[in-house]
>>> print(open('entry-v5.txt').read())   # compact mmCIF, N, CA and C atoms
# COMPACT_ATOMS: atom_id res chain seq x y z
N MET A 1 5.21 11.05 -6.08
CA MET A 1 4.15 11.02 -5.11
C MET A 1 3.66 9.60 -4.86
N ALA A 2 4.24 8.64 -5.56
CA ALA A 2 3.84 7.25 -5.39
C ALA A 2 4.30 6.73 -4.04
N LEU A 3 3.53 5.82 -3.48
CA LEU A 3 3.93 5.19 -2.22
C LEU A 3 5.16 4.34 -2.44
N ARG A 4 5.87 4.01 -1.36
CA ARG A 4 7.14 3.33 -1.49
C ARG A 4 7.07 1.82 -1.29
N LEU A 5 5.95 1.29 -0.91
CA LEU A 5 5.84 -0.14 -0.67
C LEU A 5 5.23 -0.81 -1.89
N PRO A 6 6.05 -1.52 -2.70
CA PRO A 6 5.57 -2.01 -3.99
C PRO A 6 4.41 -3.00 -3.89
N LEU A 7 4.42 -3.92 -2.92
CA LEU A 7 3.32 -4.87 -2.81
C LEU A 7 2.04 -4.14 -2.43
N ASP A 8 2.15 -3.20 -1.48
CA ASP A 8 0.98 -2.42 -1.11
C ASP A 8 0.46 -1.62 -2.29
N ASN A 9 1.38 -1.03 -3.05
CA ASN A 9 0.99 -0.27 -4.24
C ASN A 9 0.21 -1.14 -5.20
N THR A 10 0.71 -2.34 -5.42
CA THR A 10 0.06 -3.25 -6.36
C THR A 10 -1.33 -3.61 -5.88
N LEU A 11 -1.48 -3.91 -4.59
CA LEU A 11 -2.80 -4.26 -4.06
C LEU A 11 -3.77 -3.09 -4.18
N ILE A 12 -3.32 -1.90 -3.78
CA ILE A 12 -4.19 -0.74 -3.85
C ILE A 12 -4.57 -0.44 -5.30
N ALA A 13 -3.59 -0.55 -6.20
CA ALA A 13 -3.86 -0.30 -7.61
C ALA A 13 -4.86 -1.29 -8.18
N ARG A 14 -4.71 -2.56 -7.85
CA ARG A 14 -5.65 -3.57 -8.37
C ARG A 14 -7.06 -3.35 -7.85
N ILE A 15 -7.16 -3.01 -6.55
CA ILE A 15 -8.49 -2.78 -5.97
C ILE A 15 -9.15 -1.58 -6.65
N ALA A 16 -8.40 -0.51 -6.84
CA ALA A 16 -8.97 0.68 -7.46
C ALA A 16 -9.35 0.42 -8.92
N ARG A 17 -8.52 -0.32 -9.63
CA ARG A 17 -8.81 -0.61 -11.04
C ARG A 17 -10.02 -1.51 -11.19
N LYS A 18 -10.17 -2.46 -10.27
CA LYS A 18 -11.28 -3.40 -10.35
C LYS A 18 -12.62 -2.68 -10.26
N GLY A 19 -12.71 -1.66 -9.42
CA GLY A 19 -13.98 -0.99 -9.21
C GLY A 19 -14.11 0.33 -9.94
N GLY A 20 -13.09 0.74 -10.66
CA GLY A 20 -13.12 2.07 -11.26
C GLY A 20 -13.22 2.05 -12.76
N GLY A 21 -13.44 3.21 -13.31
CA GLY A 21 -13.52 3.38 -14.74
C GLY A 21 -12.19 3.77 -15.35
N ARG A 22 -12.25 4.27 -16.55
CA ARG A 22 -11.04 4.63 -17.29
C ARG A 22 -10.28 5.78 -16.63
N LEU A 23 -10.99 6.78 -16.13
CA LEU A 23 -10.35 7.92 -15.48
C LEU A 23 -9.63 7.48 -14.21
N ILE A 24 -10.29 6.67 -13.41
CA ILE A 24 -9.66 6.16 -12.19
C ILE A 24 -8.46 5.30 -12.53
N ASP A 25 -8.57 4.49 -13.57
CA ASP A 25 -7.47 3.62 -13.97
C ASP A 25 -6.24 4.44 -14.36
N SER A 26 -6.43 5.51 -15.12
CA SER A 26 -5.28 6.33 -15.53
C SER A 26 -4.68 7.06 -14.33
N THR A 27 -5.51 7.51 -13.40
CA THR A 27 -5.00 8.18 -12.20
C THR A 27 -4.23 7.21 -11.33
N VAL A 28 -4.76 6.01 -11.15
CA VAL A 28 -4.08 5.00 -10.34
C VAL A 28 -2.76 4.62 -10.99
N THR A 29 -2.72 4.52 -12.29
CA THR A 29 -1.49 4.17 -12.99
C THR A 29 -0.41 5.22 -12.76
N GLN A 30 -0.79 6.47 -12.71
CA GLN A 30 0.18 7.53 -12.47
C GLN A 30 0.66 7.54 -11.02
N LEU A 31 -0.26 7.37 -10.08
CA LEU A 31 0.10 7.47 -8.66
C LEU A 31 0.73 6.20 -8.11
N LEU A 32 0.26 5.05 -8.55
CA LEU A 32 0.72 3.77 -8.02
C LEU A 32 1.13 2.84 -9.15
N PRO A 33 2.27 3.09 -9.76
CA PRO A 33 2.68 2.23 -10.88
C PRO A 33 2.98 0.81 -10.39
N GLU A 34 2.53 -0.16 -11.15
CA GLU A 34 2.83 -1.55 -10.81
C GLU A 34 4.24 -1.89 -11.24
N GLU A 35 4.87 -2.75 -10.49
CA GLU A 35 6.23 -3.18 -10.80
C GLU A 35 6.19 -4.68 -11.10
N PRO A 36 5.99 -5.05 -12.35
CA PRO A 36 5.81 -6.46 -12.69
C PRO A 36 7.09 -7.27 -12.50
N GLY A 37 6.92 -8.53 -12.15
CA GLY A 37 8.04 -9.45 -12.08
C GLY A 37 8.84 -9.40 -10.80
N ARG A 38 8.39 -8.64 -9.80
CA ARG A 38 9.17 -8.51 -8.58
C ARG A 38 8.64 -9.37 -7.45
N PHE A 39 7.57 -10.09 -7.64
CA PHE A 39 6.94 -10.81 -6.54
C PHE A 39 6.93 -12.31 -6.82
N SER A 40 6.97 -13.07 -5.74
CA SER A 40 6.93 -14.52 -5.86
C SER A 40 5.50 -14.97 -6.16
N LEU A 41 5.36 -16.24 -6.47
CA LEU A 41 4.03 -16.79 -6.78
C LEU A 41 3.10 -16.67 -5.58
N SER A 42 3.63 -16.92 -4.38
CA SER A 42 2.79 -16.84 -3.19
C SER A 42 2.32 -15.40 -2.95
N ASN A 43 3.19 -14.41 -3.18
CA ASN A 43 2.78 -13.02 -3.04
C ASN A 43 1.69 -12.66 -4.04
N LYS A 44 1.81 -13.17 -5.25
CA LYS A 44 0.80 -12.88 -6.28
C LYS A 44 -0.54 -13.52 -5.92
N LEU A 45 -0.51 -14.75 -5.39
CA LEU A 45 -1.76 -15.42 -5.01
C LEU A 45 -2.44 -14.71 -3.85
N VAL A 46 -1.65 -14.32 -2.86
CA VAL A 46 -2.22 -13.60 -1.72
C VAL A 46 -2.79 -12.26 -2.19
N GLY A 47 -2.07 -11.58 -3.06
CA GLY A 47 -2.55 -10.31 -3.59
C GLY A 47 -3.84 -10.46 -4.36
N ALA A 48 -3.92 -11.50 -5.18
CA ALA A 48 -5.14 -11.75 -5.95
C ALA A 48 -6.31 -12.05 -5.02
N ALA A 49 -6.06 -12.82 -3.96
CA ALA A 49 -7.13 -13.14 -3.01
C ALA A 49 -7.61 -11.87 -2.29
N LEU A 50 -6.67 -11.02 -1.89
CA LEU A 50 -7.05 -9.78 -1.21
C LEU A 50 -7.83 -8.85 -2.13
N VAL A 51 -7.43 -8.79 -3.39
CA VAL A 51 -8.17 -7.96 -4.35
C VAL A 51 -9.58 -8.48 -4.52
N ARG A 52 -9.72 -9.79 -4.60
CA ARG A 52 -11.06 -10.38 -4.76
C ARG A 52 -11.94 -10.12 -3.54
N ILE A 53 -11.36 -10.28 -2.35
CA ILE A 53 -12.11 -10.01 -1.12
C ILE A 53 -12.54 -8.56 -1.06
N ALA A 54 -11.60 -7.66 -1.38
CA ALA A 54 -11.89 -6.23 -1.28
C ALA A 54 -12.90 -5.77 -2.32
N SER A 55 -12.91 -6.39 -3.48
CA SER A 55 -13.81 -5.92 -4.54
C SER A 55 -15.18 -6.58 -4.50
N CYS A 56 -15.35 -7.62 -3.71
CA CYS A 56 -16.65 -8.32 -3.67
C CYS A 56 -17.63 -7.75 -2.67
N SER A 57 -17.13 -7.13 -1.60
CA SER A 57 -18.05 -6.65 -0.58
C SER A 57 -17.47 -5.44 0.14
N VAL A 58 -18.36 -4.65 0.72
CA VAL A 58 -17.92 -3.49 1.49
C VAL A 58 -17.16 -3.92 2.74
N PRO A 59 -17.65 -4.90 3.52
CA PRO A 59 -16.87 -5.32 4.68
C PRO A 59 -15.48 -5.85 4.30
N GLY A 60 -15.40 -6.52 3.17
CA GLY A 60 -14.10 -7.00 2.70
C GLY A 60 -13.17 -5.85 2.36
N ALA A 61 -13.73 -4.82 1.72
CA ALA A 61 -12.92 -3.65 1.37
C ALA A 61 -12.46 -2.93 2.63
N ILE A 62 -13.32 -2.84 3.63
CA ILE A 62 -12.93 -2.21 4.89
C ILE A 62 -11.84 -3.02 5.57
N LEU A 63 -11.97 -4.33 5.57
CA LEU A 63 -10.98 -5.19 6.20
C LEU A 63 -9.62 -5.09 5.51
N VAL A 64 -9.60 -5.20 4.20
CA VAL A 64 -8.35 -5.14 3.45
C VAL A 64 -7.74 -3.75 3.54
N GLY A 65 -8.57 -2.72 3.37
CA GLY A 65 -8.06 -1.35 3.48
C GLY A 65 -7.51 -1.04 4.86
N GLY A 66 -8.20 -1.51 5.89
CA GLY A 66 -7.71 -1.31 7.26
C GLY A 66 -6.39 -2.02 7.50
N GLY A 67 -6.27 -3.22 6.94
CA GLY A 67 -5.02 -3.97 7.06
C GLY A 67 -3.86 -3.26 6.37
N LEU A 68 -4.12 -2.73 5.17
CA LEU A 68 -3.07 -1.99 4.46
C LEU A 68 -2.69 -0.72 5.21
N LEU A 69 -3.67 -0.05 5.77
CA LEU A 69 -3.40 1.16 6.54
C LEU A 69 -2.58 0.83 7.80
N ALA A 70 -2.97 -0.22 8.51
CA ALA A 70 -2.24 -0.61 9.71
C ALA A 70 -0.80 -1.00 9.38
N ARG A 71 -0.63 -1.68 8.28
CA ARG A 71 0.72 -2.08 7.86
C ARG A 71 1.59 -0.87 7.53
N ALA A 72 1.01 0.11 6.85
CA ALA A 72 1.76 1.32 6.50
C ALA A 72 2.13 2.11 7.76
N VAL A 73 1.20 2.23 8.71
CA VAL A 73 1.49 2.95 9.95
C VAL A 73 2.57 2.22 10.74
N HIS A 74 2.48 0.90 10.81
CA HIS A 74 3.47 0.11 11.53
C HIS A 74 4.87 0.28 10.94
N ARG A 75 4.96 0.21 9.63
CA ARG A 75 6.26 0.38 8.97
C ARG A 75 6.82 1.78 9.16
N LYS A 76 5.96 2.77 9.14
CA LYS A 76 6.42 4.14 9.35
C LYS A 76 6.96 4.31 10.76
N ARG A 77 6.28 3.74 11.74
CA ARG A 77 6.76 3.81 13.12
C ARG A 77 8.09 3.09 13.28
N GLN A 78 8.24 1.95 12.62
CA GLN A 78 9.51 1.24 12.68
C GLN A 78 10.63 2.09 12.11
N GLN A 79 10.37 2.77 10.99
CA GLN A 79 11.39 3.63 10.38
C GLN A 79 11.74 4.80 11.29
N GLU A 80 10.73 5.39 11.95
CA GLU A 80 10.98 6.49 12.86
C GLU A 80 11.82 6.04 14.05
N ARG A 81 11.51 4.87 14.60
CA ARG A 81 12.29 4.34 15.73
C ARG A 81 13.72 4.06 15.32
N ALA A 82 13.90 3.49 14.14
CA ALA A 82 15.26 3.21 13.66
C ALA A 82 16.03 4.51 13.44
N ALA A 83 15.36 5.52 12.92
CA ALA A 83 16.02 6.81 12.71
C ALA A 83 16.37 7.47 14.04
N ALA A 84 15.48 7.34 15.02
CA ALA A 84 15.75 7.92 16.34
C ALA A 84 16.92 7.21 17.02
N LYS A 85 17.00 5.90 16.85
CA LYS A 85 18.11 5.13 17.43
C LYS A 85 19.44 5.53 16.83
N SER A 86 19.46 5.71 15.52
CA SER A 86 20.71 6.03 14.85
C SER A 86 21.05 7.52 14.97
N GLY A 87 20.12 8.32 15.43
CA GLY A 87 20.37 9.74 15.64
C GLY A 87 20.28 10.58 14.38
N THR A 88 19.67 10.05 13.33
CA THR A 88 19.57 10.80 12.07
C THR A 88 18.41 11.77 12.07
N LYS A 89 17.44 11.56 12.93
CA LYS A 89 16.27 12.43 12.96
C LYS A 89 16.60 13.65 13.82
N THR A 90 16.35 14.82 13.27
CA THR A 90 16.61 16.06 14.01
C THR A 90 15.31 16.60 14.53
N ARG A 91 15.38 17.25 15.69
CA ARG A 91 14.20 17.85 16.29
C ARG A 91 14.24 19.35 16.11
N ALA A 92 13.08 19.94 15.98
CA ALA A 92 12.99 21.39 15.84
C ALA A 92 13.37 22.05 17.16
N PRO A 93 13.99 23.23 17.12
CA PRO A 93 14.35 23.92 18.37
C PRO A 93 13.11 24.26 19.18
N GLY A 94 13.19 24.02 20.47
CA GLY A 94 12.07 24.31 21.36
C GLY A 94 11.00 23.25 21.36
N ALA A 95 11.18 22.17 20.63
CA ALA A 95 10.15 21.12 20.59
C ALA A 95 10.38 20.09 21.66
>>> encode(input="entry-v5.txt", output="structure tokens")
Amino acid sequence: MALRLPLDNTLIARIARKGGGRLIDSTVTQLLPEEPGRFSLSNKLVGAALVRIASCSVPGAILVGGGLLARAVHRKRQQERAAAKSGTKTRAPGA
């Protein structure tokens, strides 16, 4: 049930852990496992900055959360378009 975008997972997990307690931490660990060692230094710095922005203020959390949501929607649309181009996506009869 974990999301498939590792950098997004890491950002979401860090934000949730920063503001949550032990129960939230264990839930986040199960749903969004971190994958250590897969990111460059610049990715880690950007991620740390986004976590800090999101955890310091409500407007920052809205901004970062909205950006992550927009990125996920954009990537999903790209995958759907690529699948439609290649003809792998099937349509239901009568749709």
>>> axis_aligned_box(input="entry-v5.txt", around="segment 68-83 of chain A", padding_each_side="3 Å", output="lines of an AutoDock Vina configuration file")
center_x = 6.1
center_y = 2.4
center_z = 10.1
size_x = 26.5
size_y = 16.2
size_z = 17.3
>>> residues_around(input="entry-v5.txt", residues="Arg52 of chain A", least_positions_apart="5", cutoff="10 Å", atoms="only C-alpha atoms", output="PyMOL selection string")
chain A and resi 14-15+18+46-47+57+60-61
>>> write_last_selection(input="entry-v5.txt", atoms="N, CA and C atoms", output="PDB file, keeping the file's coordinate frame")
ATOM      1  N   ARG A  14      -4.710  -2.560  -7.850  1.00  0.00           N
ATOM      2  CA  ARG A  14      -5.650  -3.570  -8.370  1.00  0.00           C
ATOM      3  C   ARG A  14      -7.060  -3.350  -7.850  1.00  0.00           C
ATOM      4  N   ILE A  15      -7.160  -3.010  -6.550  1.00  0.00           N
ATOM      5  CA  ILE A  15      -8.490  -2.780  -5.970  1.00  0.00           C
ATOM      6  C   ILE A  15      -9.150  -1.580  -6.650  1.00  0.00           C
ATOM      7  N   LYS A  18     -10.170  -2.460 -10.270  1.00  0.00           N
ATOM      8  CA  LYS A  18     -11.280  -3.400 -10.350  1.00  0.00           C
ATOM      9  C   LYS A  18     -12.620  -2.680 -10.260  1.00  0.00           C
ATOM     10  N   VAL A  46      -1.650 -14.320  -2.860  1.00  0.00           N
ATOM     11  CA  VAL A  46      -2.220 -13.600  -1.720  1.00  0.00           C
ATOM     12  C   VAL A  46      -2.790 -12.260  -2.190  1.00  0.00           C
ATOM     13  N   GLY A  47      -2.070 -11.580  -3.060  1.00  0.00           N
ATOM     14  CA  GLY A  47      -2.550 -10.310  -3.590  1.00  0.00           C
ATOM     15  C   GLY A  47      -3.840 -10.460  -4.360  1.00  0.00           C
ATOM     16  N   SER A  57     -17.130  -7.130  -1.600  1.00  0.00           N
ATOM     17  CA  SER A  57     -18.050  -6.650  -0.580  1.00  0.00           C
ATOM     18  C   SER A  57     -17.470  -5.440   0.140  1.00  0.00           C
ATOM     19  N   GLY A  60     -15.400  -6.520   3.170  1.00  0.00           N
ATOM     20  CA  GLY A  60     -14.100  -7.000   2.700  1.00  0.00           C
ATOM     21  C   GLY A  60     -13.170  -5.850   2.360  1.00  0.00           C
ATOM     22  N   ALA A  61     -13.730  -4.820   1.720  1.00  0.00           N
ATOM     23  CA  ALA A  61     -12.920  -3.650   1.370  1.00  0.00           C
ATOM     24  C   ALA A  61     -12.460  -2.930   2.630  1.00  0.00           C
TER      25      ALA A  61
END
>>> atom_distance(input="entry-v5.txt", atom1="atom CA of Val64 of chain A", atom2="atom CA of Ala83 of chain A")
28.7 Å
